[in-house]
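K.L.:
This is the content of target_24.cif (mmCIF, C-alpha atoms; chains and numbers go by the auth columns):
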```cif
data_entry
loop_
_atom_site.group_PDB
_atom_site.id
_atom_site.type_symbol
_atom_site.label_atom_id
_atom_site.label_comp_id
_atom_site.label_asym_id
_atom_site.label_seq_id
_atom_site.Cartn_x
_atom_site.Cartn_y
_atom_site.Cartn_z
_atom_site.B_iso_or_equiv
_atom_site.auth_seq_id
_atom_site.auth_asym_id
ATOM 1 C CA MET A 1 0.000 0.000 0.000 0.00 1 A
ATOM 2 C CA ASP A 2 1.525 3.333 -1.073 0.00 2 A
ATOM 3 C CA TRP A 3 1.199 6.517 0.973 0.00 3 A
ATOM 4 C CA LYS A 4 -1.816 7.809 -0.972 0.00 4 A
ATOM 5 C CA SER A 5 -3.796 4.596 -0.524 0.00 5 A
ATOM 6 C CA TYR A 6 -2.811 4.482 3.140 0.00 6 A
ATOM 7 C CA LEU A 7 -3.869 8.102 3.638 0.00 7 A
ATOM 8 C CA PHE A 8 -7.282 7.577 2.033 0.00 8 A
ATOM 9 C CA PHE A 9 -7.863 4.522 4.232 0.00 9 A
ATOM 10 C CA VAL A 10 -6.621 5.925 7.551 0.00 10 A
ATOM 11 C CA PHE A 11 -8.134 9.422 7.518 0.00 11 A
ATOM 12 C CA PRO A 12 -11.788 8.419 6.910 0.00 12 A
ATOM 13 C CA SER A 13 -11.412 5.668 9.513 0.00 13 A
ATOM 14 C CA ILE A 14 -10.347 8.132 12.189 0.00 14 A
ATOM 15 C CA LEU A 15 -12.757 10.909 11.241 0.00 15 A
ATOM 16 C CA VAL A 16 -15.757 8.599 11.101 0.00 16 A
ATOM 17 C CA ILE A 17 -15.077 6.945 14.458 0.00 17 A
ATOM 18 C CA LEU A 18 -14.659 10.385 16.079 0.00 18 A
ATOM 19 C CA ASN A 19 -18.100 11.216 14.654 0.00 19 A
ATOM 20 C CA PRO A 20 -17.909 15.036 14.927 0.00 20 A
ATOM 21 C CA ILE A 21 -21.590 15.426 14.015 0.00 21 A
ATOM 22 C CA GLY A 22 -22.707 13.136 16.818 0.00 22 A
ATOM 23 C CA ALA A 23 -20.331 14.869 19.240 0.00 23 A
ATOM 24 C CA ALA A 24 -21.720 18.243 18.129 0.00 24 A
ATOM 25 C CA SER A 25 -25.251 17.339 19.206 0.00 25 A
ATOM 26 C CA ILE A 26 -24.002 16.308 22.667 0.00 26 A
ATOM 27 C CA PHE A 27 -21.794 19.389 22.942 0.00 27 A
ATOM 28 C CA ALA A 28 -24.658 21.694 21.955 0.00 28 A
ATOM 29 C CA SER A 29 -26.938 20.275 24.632 0.00 29 A
ATOM 30 C CA LEU A 30 -24.334 20.299 27.418 0.00 30 A
ATOM 31 C CA SER A 31 -22.998 23.793 26.646 0.00 31 A
ATOM 32 C CA PHE A 32 -26.367 25.413 26.008 0.00 32 A
ATOM 33 C CA GLY A 33 -26.549 28.973 27.324 0.00 33 A
ATOM 34 C CA ARG A 34 -22.792 29.357 27.835 0.00 34 A
ATOM 35 C CA PRO A 35 -20.887 32.303 26.301 0.00 35 A
ATOM 36 C CA THR A 36 -19.226 31.779 22.910 0.00 36 A
ATOM 37 C CA VAL A 37 -15.739 32.241 24.375 0.00 37 A
ATOM 38 C CA GLU A 38 -16.355 29.518 26.957 0.00 38 A
ATOM 39 C CA ARG A 39 -17.804 27.157 24.352 0.00 39 A
ATOM 40 C CA ARG A 40 -14.655 27.577 22.268 0.00 40 A
ATOM 41 C CA ARG A 41 -12.497 26.915 25.320 0.00 41 A
ATOM 42 C CA LEU A 42 -14.427 23.775 26.197 0.00 42 A
ATOM 43 C CA ALA A 43 -14.275 22.485 22.621 0.00 43 A
ATOM 44 C CA LEU A 44 -10.523 23.087 22.385 0.00 44 A
ATOM 45 C CA LYS A 45 -9.847 21.463 25.751 0.00 45 A
ATOM 46 C CA ALA A 46 -11.966 18.413 24.908 0.00 46 A
ATOM 47 C CA CYS A 47 -10.179 17.892 21.593 0.00 47 A
ATOM 48 C CA ARG A 48 -6.744 18.315 23.158 0.00 48 A
ATOM 49 C CA ILE A 49 -7.453 15.820 25.931 0.00 49 A
ATOM 50 C CA ALA A 50 -9.008 13.278 23.570 0.00 50 A
ATOM 51 C CA PHE A 51 -6.063 13.666 21.186 0.00 51 A
ATOM 52 C CA GLY A 52 -3.684 13.028 24.093 0.00 52 A
ATOM 53 C CA VAL A 53 -5.601 9.913 25.140 0.00 53 A
ATOM 54 C CA LEU A 54 -5.448 8.457 21.637 0.00 54 A
ATOM 55 C CA LEU A 55 -1.744 9.314 21.334 0.00 55 A
ATOM 56 C CA PHE A 56 -1.155 7.437 24.586 0.00 56 A
ATOM 57 C CA PHE A 57 -2.726 4.270 23.199 0.00 57 A
ATOM 58 C CA PHE A 58 -1.025 4.839 19.856 0.00 58 A
ATOM 59 C CA PHE A 59 2.463 4.734 21.375 0.00 59 A
ATOM 60 C CA LEU A 60 1.886 2.376 24.328 0.00 60 A
ATOM 61 C CA GLY A 61 -0.852 0.093 22.994 0.00 61 A
ATOM 62 C CA HIS A 62 1.696 -2.545 21.969 0.00 62 A
ATOM 63 C CA ILE A 63 2.654 -2.923 25.629 0.00 63 A
ATOM 64 C CA LEU A 64 -0.884 -4.089 26.375 0.00 64 A
ATOM 65 C CA PHE A 65 -0.531 -6.667 23.592 0.00 65 A
ATOM 66 C CA GLU A 66 2.640 -8.001 25.218 0.00 66 A
ATOM 67 C CA ILE A 67 1.252 -8.013 28.760 0.00 67 A
ATOM 68 C CA PHE A 68 -1.896 -9.939 27.840 0.00 68 A
ATOM 69 C CA GLY A 69 -0.290 -11.998 25.075 0.00 69 A
ATOM 70 C CA ILE A 70 -2.625 -10.594 22.423 0.00 70 A
ATOM 71 C CA THR A 71 -1.673 -10.855 18.760 0.00 71 A
ATOM 72 C CA ILE A 72 -2.422 -8.002 16.393 0.00 72 A
ATOM 73 C CA GLY A 73 -4.503 -10.387 14.279 0.00 73 A
ATOM 74 C CA ALA A 74 -6.783 -11.260 17.190 0.00 74 A
ATOM 75 C CA PHE A 75 -7.114 -7.605 18.148 0.00 75 A
ATOM 76 C CA ARG A 76 -7.988 -6.644 14.571 0.00 76 A
ATOM 77 C CA ILE A 77 -10.767 -9.244 14.462 0.00 77 A
ATOM 78 C CA ALA A 78 -12.151 -8.226 17.874 0.00 78 A
ATOM 79 C CA GLY A 79 -11.837 -4.549 16.978 0.00 79 A
ATOM 80 C CA GLY A 80 -13.586 -5.136 13.679 0.00 80 A
ATOM 81 C CA PHE A 81 -16.586 -6.697 15.404 0.00 81 A
ATOM 82 C CA LEU A 82 -16.658 -3.884 17.975 0.00 82 A
ATOM 83 C CA LEU A 83 -16.574 -1.188 15.291 0.00 83 A
ATOM 84 C CA PHE A 84 -19.198 -2.996 13.231 0.00 84 A
ATOM 85 C CA GLY A 85 -21.517 -2.829 16.243 0.00 85 A
ATOM 86 C CA VAL A 86 -20.992 0.945 16.383 0.00 86 A
ATOM 87 C CA ALA A 87 -21.522 1.185 12.620 0.00 87 A
ATOM 88 C CA TRP A 88 -24.751 -0.819 12.844 0.00 88 A
ATOM 89 C CA GLN A 89 -26.171 1.563 15.420 0.00 89 A
ATOM 90 C CA MET A 90 -25.202 4.524 13.233 0.00 90 A
ATOM 91 C CA LEU A 91 -26.889 2.908 10.223 0.00 91 A
ATOM 92 C CA GLN A 92 -30.033 2.464 12.296 0.00 92 A
ATOM 93 C CA SER A 93 -29.723 6.080 13.519 0.00 93 A
ATOM 94 C CA TYR A 94 -29.639 4.927 17.121 0.00 94 A
ATOM 95 C CA GLN A 95 -27.664 6.774 19.767 0.00 95 A
ATOM 96 C CA VAL A 96 -24.320 5.064 20.197 0.00 96 A
ATOM 97 C CA ARG A 97 -24.620 4.162 23.861 0.00 97 A
ATOM 98 C CA MET A 98 -21.276 2.405 24.118 0.00 98 A
ATOM 99 C CA LYS A 99 -19.602 5.807 24.085 0.00 99 A
ATOM 100 C CA GLY A 100 -21.002 6.701 27.471 0.00 100 A
ATOM 101 C CA THR A 101 -23.705 5.947 29.993 0.00 101 A
ATOM 102 C CA GLU A 102 -26.650 8.139 30.894 0.00 102 A
ATOM 103 C CA GLU A 103 -25.068 8.703 34.312 0.00 103 A
ATOM 104 C CA GLU A 104 -21.885 10.043 32.697 0.00 104 A
ATOM 105 C CA PHE A 105 -23.809 12.529 30.555 0.00 105 A
ATOM 106 C CA GLU A 106 -25.905 13.690 33.519 0.00 106 A
ATOM 107 C CA GLU A 107 -22.767 14.112 35.625 0.00 107 A
ATOM 108 C CA GLY A 108 -21.109 16.065 32.832 0.00 108 A
ATOM 109 C CA ALA A 109 -24.100 18.361 32.450 0.00 109 A
ATOM 110 C CA GLN A 110 -23.923 19.248 36.153 0.00 110 A
ATOM 111 C CA LYS A 111 -20.234 20.152 36.059 0.00 111 A
ATOM 112 C CA GLU A 112 -18.768 23.524 35.249 0.00 112 A
ATOM 113 C CA ASP A 113 -16.142 21.940 32.998 0.00 113 A
ATOM 114 C CA ILE A 114 -17.669 19.375 30.660 0.00 114 A
ATOM 115 C CA ALA A 115 -14.556 19.159 28.483 0.00 115 A
ATOM 116 C CA VAL A 116 -13.066 16.115 30.235 0.00 116 A
ATOM 117 C CA VAL A 117 -16.221 14.131 31.027 0.00 117 A
ATOM 118 C CA PRO A 118 -18.157 13.371 28.981 0.00 118 A
ATOM 119 C CA LEU A 119 -16.786 15.218 25.908 0.00 119 A
ATOM 120 C CA ALA A 120 -13.134 14.114 25.773 0.00 120 A
ATOM 121 C CA ILE A 121 -13.891 10.815 27.514 0.00 121 A
ATOM 122 C CA PRO A 122 -15.884 8.920 26.402 0.00 122 A
ATOM 123 C CA VAL A 123 -17.546 10.871 23.536 0.00 123 A
ATOM 124 C CA LEU A 124 -14.416 11.631 21.479 0.00 124 A
ATOM 125 C CA SER A 125 -11.996 9.025 22.810 0.00 125 A
ATOM 126 C CA GLY A 126 -14.282 6.126 23.634 0.00 126 A
ATOM 127 C CA PRO A 127 -13.716 2.386 23.140 0.00 127 A
ATOM 128 C CA GLY A 128 -14.304 2.617 19.384 0.00 128 A
ATOM 129 C CA ALA A 129 -11.744 5.378 18.838 0.00 129 A
ATOM 130 C CA ILE A 130 -9.157 3.707 21.079 0.00 130 A
ATOM 131 C CA THR A 131 -9.637 0.375 19.313 0.00 131 A
ATOM 132 C CA THR A 132 -9.311 2.006 15.897 0.00 132 A
ATOM 133 C CA ILE A 133 -6.063 3.766 16.822 0.00 133 A
ATOM 134 C CA MET A 134 -4.556 0.626 18.373 0.00 134 A
ATOM 135 C CA VAL A 135 -5.432 -1.488 15.345 0.00 135 A
ATOM 136 C CA LEU A 136 -4.059 1.116 12.930 0.00 136 A
ATOM 137 C CA SER A 137 -0.888 1.642 14.971 0.00 137 A
ATOM 138 C CA GLY A 138 -0.340 -2.116 15.151 0.00 138 A
ATOM 139 C CA GLY A 139 -0.371 -2.246 11.362 0.00 139 A
ATOM 140 C CA THR A 140 2.275 0.432 10.794 0.00 140 A
ATOM 141 C CA LYS A 141 5.430 -0.977 9.196 0.00 141 A
ATOM 142 C CA HIS A 142 7.168 2.167 7.946 0.00 142 A
ATOM 143 C CA TRP A 143 8.035 5.513 9.534 0.00 143 A
ATOM 144 C CA TRP A 144 5.938 7.381 6.957 0.00 144 A
ATOM 145 C CA GLN A 145 2.861 5.399 7.990 0.00 145 A
ATOM 146 C CA THR A 146 3.366 6.536 11.584 0.00 146 A
ATOM 147 C CA LEU A 147 3.692 10.167 10.471 0.00 147 A
ATOM 148 C CA ILE A 148 0.582 9.943 8.277 0.00 148 A
ATOM 149 C CA LEU A 149 -1.426 8.327 11.078 0.00 149 A
ATOM 150 C CA ILE A 150 -0.490 10.997 13.626 0.00 150 A
ATOM 151 C CA ALA A 151 -1.123 13.770 11.071 0.00 151 A
ATOM 152 C CA CYS A 152 -4.539 12.303 10.253 0.00 152 A
ATOM 153 C CA MET A 153 -5.409 12.201 13.950 0.00 153 A
ATOM 154 C CA ALA A 154 -4.419 15.852 14.343 0.00 154 A
ATOM 155 C CA ILE A 155 -6.384 16.965 11.263 0.00 155 A
ATOM 156 C CA ALA A 156 -9.431 14.957 12.343 0.00 156 A
ATOM 157 C CA PHE A 157 -9.420 16.686 15.720 0.00 157 A
ATOM 158 C CA ILE A 158 -9.008 20.109 14.090 0.00 158 A
ATOM 159 C CA ILE A 159 -12.098 19.371 11.987 0.00 159 A
ATOM 160 C CA THR A 160 -13.910 18.135 15.097 0.00 160 A
ATOM 161 C CA TYR A 161 -13.037 21.348 16.943 0.00 161 A
ATOM 162 C CA PHE A 162 -14.529 23.548 14.220 0.00 162 A
ATOM 163 C CA VAL A 163 -17.626 21.352 14.087 0.00 163 A
ATOM 164 C CA LEU A 164 -18.071 21.677 17.855 0.00 164 A
ATOM 165 C CA ILE A 165 -17.727 25.458 17.988 0.00 165 A
ATOM 166 C CA HIS A 166 -20.338 25.744 15.224 0.00 166 A
ATOM 167 C CA ALA A 167 -22.512 22.976 16.671 0.00 167 A
ATOM 168 C CA VAL A 168 -25.671 25.026 17.191 0.00 168 A
ATOM 169 C CA ARG A 169 -25.579 26.552 13.718 0.00 169 A
ATOM 170 C CA LEU A 170 -24.753 23.204 12.108 0.00 170 A
ATOM 171 C CA LEU A 171 -27.552 21.365 13.893 0.00 171 A
ATOM 172 C CA GLY A 172 -29.955 24.136 12.897 0.00 172 A
ATOM 173 C CA ILE A 173 -29.040 23.613 9.249 0.00 173 A
ATOM 174 C CA LEU A 174 -29.071 19.816 9.211 0.00 174 A
ATOM 175 C CA LYS A 175 -32.171 19.279 11.368 0.00 175 A
ATOM 176 C CA ILE A 176 -33.092 15.767 12.515 0.00 176 A
ATOM 177 C CA THR A 177 -33.355 14.348 8.996 0.00 177 A
ATOM 178 C CA GLY A 178 -29.957 15.691 7.979 0.00 178 A
ATOM 179 C CA LEU A 179 -28.354 14.261 11.098 0.00 179 A
ATOM 180 C CA ARG A 180 -29.787 10.833 10.340 0.00 180 A
ATOM 181 C CA VAL A 181 -28.551 10.947 6.739 0.00 181 A
ATOM 182 C CA VAL A 182 -25.038 11.953 7.798 0.00 182 A
ATOM 183 C CA SER A 183 -25.044 9.331 10.557 0.00 183 A
ATOM 184 C CA ARG A 184 -25.995 6.570 8.121 0.00 184 A
ATOM 185 C CA ILE A 185 -23.355 7.594 5.591 0.00 185 A
ATOM 186 C CA MET A 186 -20.688 7.604 8.285 0.00 186 A
ATOM 187 C CA GLY A 187 -22.024 4.307 9.599 0.00 187 A
ATOM 188 C CA LEU A 188 -21.678 2.731 6.158 0.00 188 A
ATOM 189 C CA ILE A 189 -18.068 3.899 5.874 0.00 189 A
ATOM 190 C CA LEU A 190 -17.306 2.616 9.366 0.00 190 A
ATOM 191 C CA ALA A 191 -18.892 -0.761 8.552 0.00 191 A
ATOM 192 C CA VAL A 192 -16.569 -1.145 5.552 0.00 192 A
ATOM 193 C CA VAL A 193 -13.570 -0.234 7.704 0.00 193 A
ATOM 194 C CA ALA A 194 -14.653 -2.747 10.366 0.00 194 A
ATOM 195 C CA ILE A 195 -14.958 -5.553 7.824 0.00 195 A
ATOM 196 C CA GLN A 196 -11.517 -4.690 6.454 0.00 196 A
ATOM 197 C CA PHE A 197 -10.118 -4.952 9.990 0.00 197 A
ATOM 198 C CA VAL A 198 -11.601 -8.448 10.296 0.00 198 A
ATOM 199 C CA ILE A 199 -10.211 -9.503 6.903 0.00 199 A
ATOM 200 C CA ASP A 200 -6.739 -8.226 7.814 0.00 200 A
ATOM 201 C CA GLY A 201 -6.965 -9.994 11.164 0.00 201 A
ATOM 202 C CA ILE A 202 -7.838 -13.301 9.533 0.00 202 A
ATOM 203 C CA LYS A 203 -4.876 -12.896 7.186 0.00 203 A
ATOM 204 C CA ASN A 204 -2.634 -12.362 10.224 0.00 204 A
ATOM 205 C CA ILE A 205 -3.753 -15.478 12.092 0.00 205 A
ATOM 206 C CA LEU A 206 -3.883 -17.852 9.096 0.00 206 A
ATOM 207 C CA PRO A 207 -0.139 -18.649 9.265 0.00 207 A
ATOM 208 C CA GLU A 208 -0.457 -19.372 13.002 0.00 208 A
ATOM 209 C CA MET A 209 -3.440 -21.658 12.387 0.00 209 A
ATOM 210 C CA ALA A 210 -1.568 -23.447 9.592 0.00 210 A
ATOM 211 C CA ARG A 211 1.270 -24.306 11.986 0.00 211 A
ATOM 212 C CA LEU A 212 -1.224 -25.945 14.358 0.00 212 A
ATOM 213 C CA ILE A 213 -2.532 -28.272 11.645 0.00 213 A
ATOM 214 C CA PRO A 214 -0.529 -31.564 11.662 0.00 214 A
#
```
As a first step, turn the structure in this file into structure tokens.
P.N.:
Amino acid sequence: MDWKSYLFFVFPSILVILNPIGAASIFASLSFGRPTVERRRLALKACRIAFGVLLFFFFLGHILFEIFGITIGAFRIAGGFLLFGVAWQMLQSYQVRMKGTEEEFEEGAQKEDIAVVPLAIPVLSGPGAITTIMVLSGGTKHWWQTLILIACMAIAFIITYFVLIHAVRLLGILKITGLRVVSRIMGLILAVVAIQFVIDGIKNILPEMARLIP
């Protein structure tokens, strides 16, 4: 896979799992009535924290593989199924509940600073996003792939930031129908990515399975 093909695979994967549109609806409801300057501060802080969380798993995720004896193939298959579950909910236009519980959202709404919980964690850097980053980082074989992956993460969060600060205006334009259309399109893309993760995982474990066959 050359750098262009890798770029066009990695960037949509990250942007879709971050789901800026879905995060915008949560951000708009939690920050309702706050001054514009504070909303910008909260959005920036949430994106910076979530970016830091994903960078942590990007660089140290392989340690978890070693500690628990997990192969990248097995993690790709498990991650693919996990992401497909998220994609299925998006295709059905359901709220993706695995990103946070009702208690977390209620707690966040009562706090002065909602940037950490629930915006950064678990809305932007939930299980799906962490799994995606760990699977993608486990598949990097060249230095340029690492650079592209980190750059794509940064660009995706920049886009997410601008979506969040314009959340109210954006939601007013899209309405409920527009949100459902966008959610289903992103869900379809994520479903394709999830299936590709499973396929790559099966390719990884086939040699191991072949050695077990007498």
K.L.:
Would you mind reading off the distance between CA of Phe9 (chain A) and CA of Ala24 (chain A), one decimal, in Å?
P.N.:
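About the pair CA of Phe9 (chain A) and CA of Ala24 (chain A): they are 23.9 Å apart.
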K.L.:
Enclose the full set of atoms of region 151-169 of chain A listed in the file within a box whose edges lie along x, y and z, apply 3 Å of padding to each of the six sides, and report centre and edge lengths in Å to one decimal as AutoDock Vina command-line options.
P.N.:
```
--center_x -13.4 --center_y 19.4 --center_z 14.1 --size_x 30.5 --size_y 20.4 --size_z 13.7
```
K.L.:
Translate the PyMOL selection byres ((chain A and resi 145) around 12), as applied to the file shown, into an explicit residue set as a PDB file with C-alpha atoms, in the frame of the given file.
P.N.:
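The result, written out as out36.pdb:
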```pdb
ATOM      1  CA  MET A   1       0.000   0.000   0.000  1.00  0.00           C
ATOM      2  CA  ASP A   2       1.525   3.333  -1.073  1.00  0.00           C
ATOM      3  CA  TRP A   3       1.199   6.517   0.973  1.00  0.00           C
ATOM      4  CA  LYS A   4      -1.816   7.809  -0.972  1.00  0.00           C
ATOM      5  CA  SER A   5      -3.796   4.596  -0.524  1.00  0.00           C
ATOM      6  CA  TYR A   6      -2.811   4.482   3.140  1.00  0.00           C
ATOM      7  CA  LEU A   7      -3.869   8.102   3.638  1.00  0.00           C
ATOM      8  CA  PHE A   8      -7.282   7.577   2.033  1.00  0.00           C
ATOM      9  CA  PHE A   9      -7.863   4.522   4.232  1.00  0.00           C
ATOM     10  CA  VAL A  10      -6.621   5.925   7.551  1.00  0.00           C
ATOM     11  CA  PHE A  11      -8.134   9.422   7.518  1.00  0.00           C
ATOM     12  CA  LEU A 136      -4.059   1.116  12.930  1.00  0.00           C
ATOM     13  CA  SER A 137      -0.888   1.642  14.971  1.00  0.00           C
ATOM     14  CA  GLY A 138      -0.340  -2.116  15.151  1.00  0.00           C
ATOM     15  CA  GLY A 139      -0.371  -2.246  11.362  1.00  0.00           C
ATOM     16  CA  THR A 140       2.275   0.432  10.794  1.00  0.00           C
ATOM     17  CA  LYS A 141       5.430  -0.977   9.196  1.00  0.00           C
ATOM     18  CA  HIS A 142       7.168   2.167   7.946  1.00  0.00           C
ATOM     19  CA  TRP A 143       8.035   5.513   9.534  1.00  0.00           C
ATOM     20  CA  TRP A 144       5.938   7.381   6.957  1.00  0.00           C
ATOM     21  CA  THR A 146       3.366   6.536  11.584  1.00  0.00           C
ATOM     22  CA  LEU A 147       3.692  10.167  10.471  1.00  0.00           C
ATOM     23  CA  ILE A 148       0.582   9.943   8.277  1.00  0.00           C
ATOM     24  CA  LEU A 149      -1.426   8.327  11.078  1.00  0.00           C
ATOM     25  CA  ILE A 150      -0.490  10.997  13.626  1.00  0.00           C
ATOM     26  CA  ALA A 151      -1.123  13.770  11.071  1.00  0.00           C
ATOM     27  CA  CYS A 152      -4.539  12.303  10.253  1.00  0.00           C
TER      28      CYS A 152
END
```
K.L.:
Looking at A:Ala28, A:Leu171, A:Leu164, A:Val86, which one is nearest to Ile189 (chain A), with distances taken over all atoms listed in the file?
P.N.:
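Ranking A:Ala28, A:Leu171, A:Leu164, A:Val86 by distance to Ile189 (chain A), first place goes to A:Val86.
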K.L.:
Quick one: everything within 6 Å of region 191-193 of chain A, counting all atoms listed in the file, minus sequence neighbours fewer than 2 positions away in the same chain. Send it as number ranges by chain.
P.N.:
A: 84, 87, 188-189, 195-196
K.L.:
Take the residues just selected and output them with C-alpha atoms as a PDB file, keeping the file's coordinate frame.
P.N.:
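Saved result, part.pdb, follows:
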```pdb
ATOM      1  CA  PHE A  84     -19.198  -2.996  13.231  1.00  0.00           C
ATOM      2  CA  ALA A  87     -21.522   1.185  12.620  1.00  0.00           C
ATOM      3  CA  LEU A 188     -21.678   2.731   6.158  1.00  0.00           C
ATOM      4  CA  ILE A 189     -18.068   3.899   5.874  1.00  0.00           C
ATOM      5  CA  ILE A 195     -14.958  -5.553   7.824  1.00  0.00           C
ATOM      6  CA  GLN A 196     -11.517  -4.690   6.454  1.00  0.00           C
TER       7      GLN A 196
END
```
K.L.:
Between A:Ile114, A:Ala129, A:Gly187, A:Pro207, which is the closest to Phe157 (chain A) once you count only C-alpha atoms?
P.N.:
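Using only C-alpha atoms, Phe157 (chain A) sits closest to A:Ala129.
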K.L.:
Skip Ile205 (chain A) itself and residues of its chain fewer than 5 positions away, then list as a CSV table (one decimal) with C-alpha atoms, keeping the file's coordinate frame all residues within 10 Å of it, counting all atoms listed in the file.
P.N.:
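Contents of the output file around.csv:
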```csv
chain,number,residue,atom,x,y,z
A,71,THR,CA,-1.7,-10.9,18.8
A,72,ILE,CA,-2.4,-8.0,16.4
A,73,GLY,CA,-4.5,-10.4,14.3
A,74,ALA,CA,-6.8,-11.3,17.2
A,77,ILE,CA,-10.8,-9.2,14.5
A,200,ASP,CA,-6.7,-8.2,7.8
A,210,ALA,CA,-1.6,-23.4,9.6
```
K.L.:
How many Å lie between CA of Phe197 (chain A) and CA of Gly80 (chain A), rounded to one decimal?
P.N.:
5.1 Å
K.L.:
Translate the PyMOL selection byres ((chain A and resi 123) around 9) into a concrete residue list for this structure, as a list in words.
P.N.:
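Selected by the PyMOL selection byres ((chain A and resi 123) around 9) in this file: Leu18, Asn19, Gly22, Ala23, Ile26, Ala50, Lys99, Gly100, Val117, Pro118, Leu119, Ala120, Ile121, Pro122, Leu124, Ser125 and Gly126 of chain A.
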K.L.:
From the set A:Tyr161, A:Ile173, A:Asn204, A:Arg48, which residue has the shortest atom-to-atom contact distance to Phe75 (chain A), counting all atoms listed in the file?
P.N.:
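The shortest atom-to-atom distance to Phe75 (chain A) comes from A:Asn204.
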K.L.:
In Å, with one decimal, what is the gap from CA of His62 (chain A) to CA of Glu208 (chain A)?
P.N.:
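Between these atoms lies a distance of 19.2 Å.
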K.L.:
Since fewer atoms than expected are present, regenerate N, CA and C atoms for region 82-93 of chain A and write them as an mmCIF file, keeping the file's coordinate frame.
P.N.:
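Heads up, here's the output in selection_19.cif:
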```
data_model
loop_
_atom_site.group_PDB
_atom_site.id
_atom_site.type_symbol
_atom_site.label_atom_id
_atom_site.label_comp_id
_atom_site.auth_asym_id
_atom_site.auth_seq_id
_atom_site.Cartn_x
_atom_site.Cartn_y
_atom_site.Cartn_z
ATOM 1 N N LEU A 82 -16.250 -4.992 17.116
ATOM 2 C CA LEU A 82 -16.658 -3.884 17.975
ATOM 3 C C LEU A 82 -17.079 -2.678 17.129
ATOM 4 N N LEU A 83 -16.263 -2.338 16.132
ATOM 5 C CA LEU A 83 -16.574 -1.188 15.291
ATOM 6 C C LEU A 83 -17.808 -1.443 14.431
ATOM 7 N N PHE A 84 -18.009 -2.689 14.024
ATOM 8 C CA PHE A 84 -19.198 -2.996 13.231
ATOM 9 C C PHE A 84 -20.458 -2.791 14.062
ATOM 10 N N GLY A 85 -20.377 -3.092 15.369
ATOM 11 C CA GLY A 85 -21.517 -2.829 16.243
ATOM 12 C C GLY A 85 -21.844 -1.348 16.316
ATOM 13 N N VAL A 86 -20.784 -0.504 16.396
ATOM 14 C CA VAL A 86 -20.992 0.945 16.383
ATOM 15 C C VAL A 86 -21.594 1.378 15.049
ATOM 16 N N ALA A 87 -21.042 0.831 13.958
ATOM 17 C CA ALA A 87 -21.522 1.185 12.620
ATOM 18 C C ALA A 87 -22.993 0.793 12.434
ATOM 19 N N TRP A 88 -23.365 -0.359 12.973
ATOM 20 C CA TRP A 88 -24.751 -0.819 12.844
ATOM 21 C C TRP A 88 -25.710 0.134 13.540
ATOM 22 N N GLN A 89 -25.323 0.608 14.708
ATOM 23 C CA GLN A 89 -26.171 1.563 15.420
ATOM 24 C C GLN A 89 -26.278 2.880 14.650
ATOM 25 N N MET A 90 -25.179 3.299 14.032
ATOM 26 C CA MET A 90 -25.202 4.524 13.233
ATOM 27 C C MET A 90 -26.097 4.354 12.007
ATOM 28 N N LEU A 91 -26.047 3.173 11.396
ATOM 29 C CA LEU A 91 -26.889 2.908 10.223
ATOM 30 C C LEU A 91 -28.370 2.898 10.590
ATOM 31 N N GLN A 92 -28.653 2.482 11.827
ATOM 32 C CA GLN A 92 -30.033 2.464 12.296
ATOM 33 C C GLN A 92 -30.451 3.789 12.908
ATOM 34 N N SER A 93 -29.494 4.751 12.928
ATOM 35 C CA SER A 93 -29.723 6.080 13.519
ATOM 36 C C SER A 93 -30.043 6.022 14.995
#
```
